[in-house]
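Working notes, beginning with the structure itself.
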Amino acid sequence: VQKVAEDVGGRAGGVRNVMFSPHSNYLVTYEKWDPVYPENVHIWALTGEQAGTKLRSCVLKGYTSGALPLRMIQWTEDESVSMEMMPGKGLILRTDGWEEEGEGVKVIAEKNASNYELSPPNEAKGTTYIAFFTPESSTAARVSVYDVSACQKTLE
(Lines give C-alpha, C1' and ligand atoms only; values in the text may rest on other atoms or scores of the structure.)
Protein backbone atom coordinates (compact mmCIF):
# COMPACT_ATOMS: atom_id res chain seq x y z
CA VAL A 1 0.00 0.00 0.00
CA GLN A 2 1.39 3.35 -1.02
CA LYS A 3 1.88 5.93 1.74
CA VAL A 4 -0.38 8.93 1.12
CA ALA A 5 1.29 11.42 3.47
CA GLU A 6 4.29 11.74 5.69
CA ASP A 7 3.88 11.45 9.44
CA VAL A 8 3.17 14.65 11.35
CA GLY A 9 6.56 15.74 12.67
CA GLY A 10 7.38 16.99 16.14
CA ARG A 11 4.47 15.30 17.89
CA ALA A 12 5.02 13.13 20.94
CA GLY A 13 1.47 11.83 21.36
CA GLY A 14 0.92 10.24 17.97
CA VAL A 15 -2.35 9.39 16.26
CA ARG A 16 -4.83 7.74 18.62
CA ASN A 17 -7.95 7.46 16.43
CA VAL A 18 -8.96 7.81 12.77
CA MET A 19 -12.16 8.26 10.79
CA PHE A 20 -12.88 8.19 7.04
CA SER A 21 -15.38 10.41 5.27
CA PRO A 22 -18.36 8.52 3.76
CA HIS A 23 -16.76 8.23 0.28
CA SER A 24 -13.20 7.86 1.63
CA ASN A 25 -12.07 11.14 0.07
CA TYR A 26 -10.85 12.39 3.47
CA LEU A 27 -9.26 10.99 6.59
CA VAL A 28 -9.57 12.59 10.02
CA THR A 29 -6.79 11.80 12.49
CA TYR A 30 -7.07 12.40 16.23
CA GLU A 31 -3.87 12.83 18.24
CA LYS A 32 -3.37 12.97 21.97
CA TRP A 33 -3.96 16.56 23.07
CA ASP A 34 -0.76 18.36 24.05
CA PRO A 35 -0.73 22.03 25.14
CA VAL A 36 2.53 22.50 23.20
CA TYR A 37 0.76 21.33 19.98
CA PRO A 38 -2.89 22.15 20.73
CA GLU A 39 -4.23 21.36 17.24
CA ASN A 40 -4.72 17.61 17.51
CA VAL A 41 -7.45 16.87 14.95
CA HIS A 42 -6.36 16.91 11.30
CA ILE A 43 -8.27 16.51 8.03
CA TRP A 44 -6.28 14.95 5.18
CA ALA A 45 -7.17 14.69 1.49
CA LEU A 46 -6.90 11.13 0.18
CA THR A 47 -7.82 11.66 -3.46
CA GLY A 48 -7.28 14.08 -6.32
CA GLU A 49 -4.55 16.70 -6.68
CA GLN A 50 -4.47 17.33 -2.93
CA ALA A 51 -3.94 13.68 -1.93
CA GLY A 52 -1.72 13.56 1.15
CA THR A 53 -2.30 17.23 1.99
CA LYS A 54 -3.41 18.34 5.44
CA LEU A 55 -6.44 20.54 4.71
CA ARG A 56 -7.35 21.75 8.19
CA SER A 57 -6.53 21.27 11.86
CA CYS A 58 -8.59 21.95 14.97
CA VAL A 59 -8.56 21.25 18.71
CA LEU A 60 -10.19 18.52 20.78
CA LYS A 61 -8.90 19.66 24.14
CA GLY A 62 -8.24 16.97 26.72
CA TYR A 63 -8.44 13.99 24.33
CA THR A 64 -5.93 11.29 25.27
CA SER A 65 -6.81 7.99 23.62
CA GLY A 66 -9.52 5.47 22.83
CA ALA A 67 -13.16 6.24 22.15
CA LEU A 68 -13.84 9.77 20.96
CA PRO A 69 -15.86 11.98 23.32
CA LEU A 70 -16.93 13.95 20.23
CA ARG A 71 -16.50 13.50 16.50
CA MET A 72 -15.23 16.96 15.65
CA ILE A 73 -15.56 16.48 11.89
CA GLN A 74 -18.37 14.78 9.96
CA TRP A 75 -19.82 14.87 6.46
CA THR A 76 -23.23 14.36 4.94
CA GLU A 77 -23.53 10.99 3.25
CA ASP A 78 -22.76 12.47 -0.19
CA GLU A 79 -19.89 14.61 1.23
CA SER A 80 -21.51 17.79 -0.11
CA VAL A 81 -21.42 19.36 3.37
CA SER A 82 -18.61 19.06 5.91
CA MET A 83 -19.24 19.87 9.57
CA GLU A 84 -16.81 20.97 12.26
CA MET A 85 -17.83 21.34 15.91
CA MET A 86 -16.22 24.39 17.49
CA PRO A 87 -16.76 24.44 21.27
CA GLY A 88 -18.17 27.78 22.40
CA LYS A 89 -19.19 28.71 18.85
CA GLY A 90 -21.34 25.92 17.43
CA LEU A 91 -21.29 23.77 14.31
CA ILE A 92 -19.61 25.12 11.18
CA LEU A 93 -21.10 23.79 7.93
CA ARG A 94 -19.00 24.12 4.78
CA THR A 95 -19.93 23.45 1.16
CA ASP A 96 -16.82 24.94 -0.51
CA GLY A 97 -13.77 23.28 1.01
CA TRP A 98 -12.24 24.30 4.33
CA GLU A 99 -12.36 28.10 4.20
CA GLU A 100 -12.94 30.01 7.45
CA GLU A 101 -15.67 32.23 6.01
CA GLY A 102 -17.53 32.98 2.81
CA GLU A 103 -20.73 32.05 1.02
CA GLY A 104 -20.16 28.32 1.51
CA VAL A 105 -19.81 28.65 5.31
CA LYS A 106 -22.76 28.61 7.73
CA VAL A 107 -22.85 28.43 11.52
CA ILE A 108 -25.44 26.71 13.70
CA ALA A 109 -24.89 28.57 16.97
CA GLU A 110 -25.37 25.79 19.52
CA LYS A 111 -22.58 27.19 21.69
CA ASN A 112 -23.11 24.93 24.72
CA ALA A 113 -23.72 21.68 22.84
CA SER A 114 -21.43 18.88 23.95
CA ASN A 115 -22.21 16.47 21.12
CA TYR A 116 -24.08 16.16 17.86
CA GLU A 117 -25.34 13.37 15.63
CA LEU A 118 -26.07 13.41 11.92
CA SER A 119 -29.06 11.47 10.58
CA PRO A 120 -29.02 9.34 7.46
CA PRO A 121 -30.56 11.25 4.56
CA ASN A 122 -34.36 11.20 4.38
CA GLU A 123 -34.86 10.52 0.66
CA ALA A 124 -38.61 11.21 0.79
CA LYS A 125 -38.12 14.68 2.28
CA GLY A 126 -34.76 15.36 0.64
CA THR A 127 -33.08 16.36 3.89
CA THR A 128 -30.60 15.35 6.55
CA TYR A 129 -30.99 16.34 10.20
CA ILE A 130 -28.48 17.23 12.90
CA ALA A 131 -29.39 16.65 16.56
CA PHE A 132 -27.42 18.55 19.24
CA PHE A 133 -27.20 17.52 22.88
CA THR A 134 -26.74 20.32 25.40
CA PRO A 135 -26.06 19.07 28.94
CA GLU A 136 -27.78 20.34 32.05
CA SER A 137 -26.30 23.53 33.52
CA SER A 138 -28.43 26.42 34.78
CA THR A 139 -31.22 25.01 32.58
CA ALA A 140 -32.44 21.49 31.88
CA ALA A 141 -30.53 19.33 29.39
CA ARG A 142 -31.98 19.53 25.89
CA VAL A 143 -31.82 18.21 22.35
CA SER A 144 -32.22 20.54 19.36
CA VAL A 145 -32.80 19.27 15.82
CA TYR A 146 -31.89 21.19 12.66
CA ASP A 147 -32.45 20.63 8.97
CA VAL A 148 -28.97 20.69 7.38
CA SER A 149 -30.11 22.13 4.04
CA ALA A 150 -31.94 25.06 5.63
CA CYS A 151 -29.80 25.47 8.78
CA GLN A 152 -33.09 25.96 10.60
CA LYS A 153 -34.16 24.51 13.92
CA THR A 154 -37.02 22.08 13.46
CA LEU A 155 -37.47 20.71 17.00
CA GLU A 156 -36.34 21.42 20.58
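Ligands are numbered from 1 in the order shown, chains are lettered A, B, ... in the order of the C-alpha coordinates, and residues start at 1 in each chain.
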
10 Å contact set for range 65-81 of chain A, only C-alpha atoms, chain neighbours under 4 positions out, as a ChimeraX atom specification
/A:13-33,41-43,58-60,85-87,91-97,104-105,114-121,128-130,148-149

Can you spit out the residues from that selection as a short mmCIF file (atom, residue, chain, number, x, y, z; two decimals), in the first residue's frame, using N, CA and C atoms?
```cif
data_model
loop_
_atom_site.label_atom_id
_atom_site.label_comp_id
_atom_site.auth_asym_id
_atom_site.auth_seq_id
_atom_site.Cartn_x
_atom_site.Cartn_y
_atom_site.Cartn_z
N GLY A 13 2.63 12.64 21.03
CA GLY A 13 1.47 11.83 21.36
C GLY A 13 1.10 10.81 20.31
N GLY A 14 1.27 11.14 19.05
CA GLY A 14 0.92 10.24 17.97
C GLY A 14 -0.57 10.13 17.75
N VAL A 15 -0.94 9.56 16.61
CA VAL A 15 -2.35 9.39 16.26
C VAL A 15 -2.96 8.33 17.15
N ARG A 16 -4.15 8.65 17.69
CA ARG A 16 -4.83 7.74 18.62
C ARG A 16 -6.16 7.22 18.06
N ASN A 17 -6.68 7.88 17.01
CA ASN A 17 -7.95 7.46 16.43
C ASN A 17 -8.03 8.01 15.02
N VAL A 18 -8.78 7.36 14.15
CA VAL A 18 -8.96 7.81 12.77
C VAL A 18 -10.41 7.62 12.35
N MET A 19 -10.81 8.37 11.33
CA MET A 19 -12.16 8.26 10.79
C MET A 19 -12.12 8.65 9.32
N PHE A 20 -12.76 7.86 8.45
CA PHE A 20 -12.88 8.19 7.04
C PHE A 20 -14.16 8.95 6.77
N SER A 21 -14.15 9.78 5.74
CA SER A 21 -15.38 10.41 5.27
C SER A 21 -16.21 9.33 4.56
N PRO A 22 -17.50 9.56 4.33
CA PRO A 22 -18.36 8.52 3.76
C PRO A 22 -17.87 7.93 2.43
N HIS A 23 -17.26 8.73 1.57
CA HIS A 23 -16.76 8.23 0.28
C HIS A 23 -15.25 8.03 0.28
N SER A 24 -14.65 8.07 1.46
CA SER A 24 -13.20 7.86 1.63
C SER A 24 -12.35 8.86 0.86
N ASN A 25 -12.87 10.07 0.69
CA ASN A 25 -12.07 11.14 0.07
C ASN A 25 -11.21 11.86 1.10
N TYR A 26 -11.55 11.70 2.38
CA TYR A 26 -10.85 12.39 3.47
C TYR A 26 -10.60 11.42 4.61
N LEU A 27 -9.57 11.72 5.38
CA LEU A 27 -9.26 10.99 6.59
C LEU A 27 -9.11 12.01 7.71
N VAL A 28 -9.73 11.74 8.84
CA VAL A 28 -9.57 12.59 10.02
C VAL A 28 -8.73 11.82 11.02
N THR A 29 -7.64 12.44 11.49
CA THR A 29 -6.79 11.80 12.49
C THR A 29 -6.92 12.57 13.80
N TYR A 30 -6.96 11.83 14.90
CA TYR A 30 -7.07 12.40 16.23
C TYR A 30 -5.81 12.03 17.00
N GLU A 31 -5.08 13.05 17.45
CA GLU A 31 -3.87 12.83 18.24
C GLU A 31 -4.16 13.12 19.71
N LYS A 32 -3.29 12.62 20.56
CA LYS A 32 -3.37 12.97 21.97
C LYS A 32 -3.19 14.48 22.10
N TRP A 33 -4.07 15.11 22.89
CA TRP A 33 -3.96 16.56 23.07
C TRP A 33 -2.72 16.90 23.88
N VAL A 41 -6.53 17.52 15.88
CA VAL A 41 -7.45 16.87 14.95
C VAL A 41 -7.10 17.41 13.56
N HIS A 42 -6.81 16.50 12.63
CA HIS A 42 -6.36 16.91 11.30
C HIS A 42 -7.20 16.25 10.22
N ILE A 43 -7.53 17.02 9.18
CA ILE A 43 -8.27 16.51 8.03
C ILE A 43 -7.29 16.42 6.87
N CYS A 58 -7.81 21.33 13.91
CA CYS A 58 -8.59 21.95 14.97
C CYS A 58 -8.25 21.27 16.29
N VAL A 59 -8.93 21.67 17.36
CA VAL A 59 -8.56 21.25 18.71
C VAL A 59 -9.68 20.44 19.36
N LEU A 60 -9.31 19.28 19.88
CA LEU A 60 -10.19 18.52 20.78
C LEU A 60 -9.45 18.45 22.10
N MET A 85 -17.34 20.84 14.63
CA MET A 85 -17.83 21.34 15.91
C MET A 85 -16.75 22.24 16.53
N MET A 86 -17.14 23.45 16.85
CA MET A 86 -16.22 24.39 17.49
C MET A 86 -16.79 24.75 18.85
N PRO A 87 -16.24 24.16 19.93
CA PRO A 87 -16.76 24.44 21.27
C PRO A 87 -16.83 25.94 21.54
N LEU A 91 -21.66 24.66 15.40
CA LEU A 91 -21.29 23.77 14.31
C LEU A 91 -21.09 24.59 13.05
N ILE A 92 -19.93 24.42 12.42
CA ILE A 92 -19.61 25.12 11.18
C ILE A 92 -19.92 24.16 10.03
N LEU A 93 -20.77 24.59 9.11
CA LEU A 93 -21.10 23.79 7.93
C LEU A 93 -20.43 24.43 6.73
N ARG A 94 -19.72 23.61 5.94
CA ARG A 94 -19.00 24.12 4.78
C ARG A 94 -19.40 23.33 3.53
N THR A 95 -19.62 24.07 2.45
CA THR A 95 -19.93 23.45 1.16
C THR A 95 -18.83 23.70 0.14
N ASP A 96 -17.89 24.58 0.44
CA ASP A 96 -16.82 24.94 -0.51
C ASP A 96 -15.45 24.75 0.11
N GLY A 97 -15.10 23.53 0.46
CA GLY A 97 -13.77 23.28 1.01
C GLY A 97 -13.68 23.62 2.48
N GLY A 104 -19.98 29.74 1.26
CA GLY A 104 -20.16 28.32 1.51
C GLY A 104 -20.03 27.93 2.97
N VAL A 105 -19.99 28.93 3.88
CA VAL A 105 -19.81 28.65 5.31
C VAL A 105 -21.04 29.14 6.08
N SER A 114 -22.60 19.71 23.66
CA SER A 114 -21.43 18.88 23.95
C SER A 114 -21.28 17.75 22.94
N ASN A 115 -22.30 17.51 22.13
CA ASN A 115 -22.21 16.47 21.12
C ASN A 115 -23.28 16.70 20.07
N TYR A 116 -23.08 16.09 18.91
CA TYR A 116 -24.08 16.16 17.86
C TYR A 116 -24.08 14.86 17.07
N GLU A 117 -25.20 14.58 16.43
CA GLU A 117 -25.34 13.37 15.63
C GLU A 117 -26.02 13.73 14.33
N LEU A 118 -25.53 13.17 13.25
CA LEU A 118 -26.07 13.41 11.92
C LEU A 118 -26.96 12.24 11.52
N SER A 119 -28.15 12.53 11.00
CA SER A 119 -29.06 11.47 10.58
C SER A 119 -28.69 10.97 9.19
N PRO A 120 -29.12 9.75 8.86
CA PRO A 120 -29.02 9.34 7.46
C PRO A 120 -29.94 10.25 6.64
N PRO A 121 -29.68 10.38 5.36
CA PRO A 121 -30.56 11.25 4.56
C PRO A 121 -31.98 10.68 4.48
N THR A 128 -31.37 16.03 5.51
CA THR A 128 -30.60 15.35 6.55
C THR A 128 -30.73 16.22 7.79
N TYR A 129 -30.83 15.60 8.95
CA TYR A 129 -30.99 16.34 10.20
C TYR A 129 -29.74 16.24 11.06
N ILE A 130 -29.54 17.25 11.90
CA ILE A 130 -28.48 17.23 12.90
C ILE A 130 -29.17 17.42 14.25
N VAL A 148 -30.27 20.28 7.90
CA VAL A 148 -28.97 20.69 7.38
C VAL A 148 -29.10 21.63 6.19
N SER A 149 -30.00 21.33 5.27
CA SER A 149 -30.11 22.13 4.04
C SER A 149 -30.57 23.55 4.33
#
```

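If only C-alpha atoms are the atoms counted, then among A:Val36, A:Ala113, A:Ala124, A:Ala141 the closest residue to Lys61 in chain A is A:Val36.
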
Find, counting only C-alpha atoms, the residue in A:Tyr146, A:Tyr63, A:Trp44, A:Trp98 that gets nearest to Thr127 in chain A.
A:Tyr146
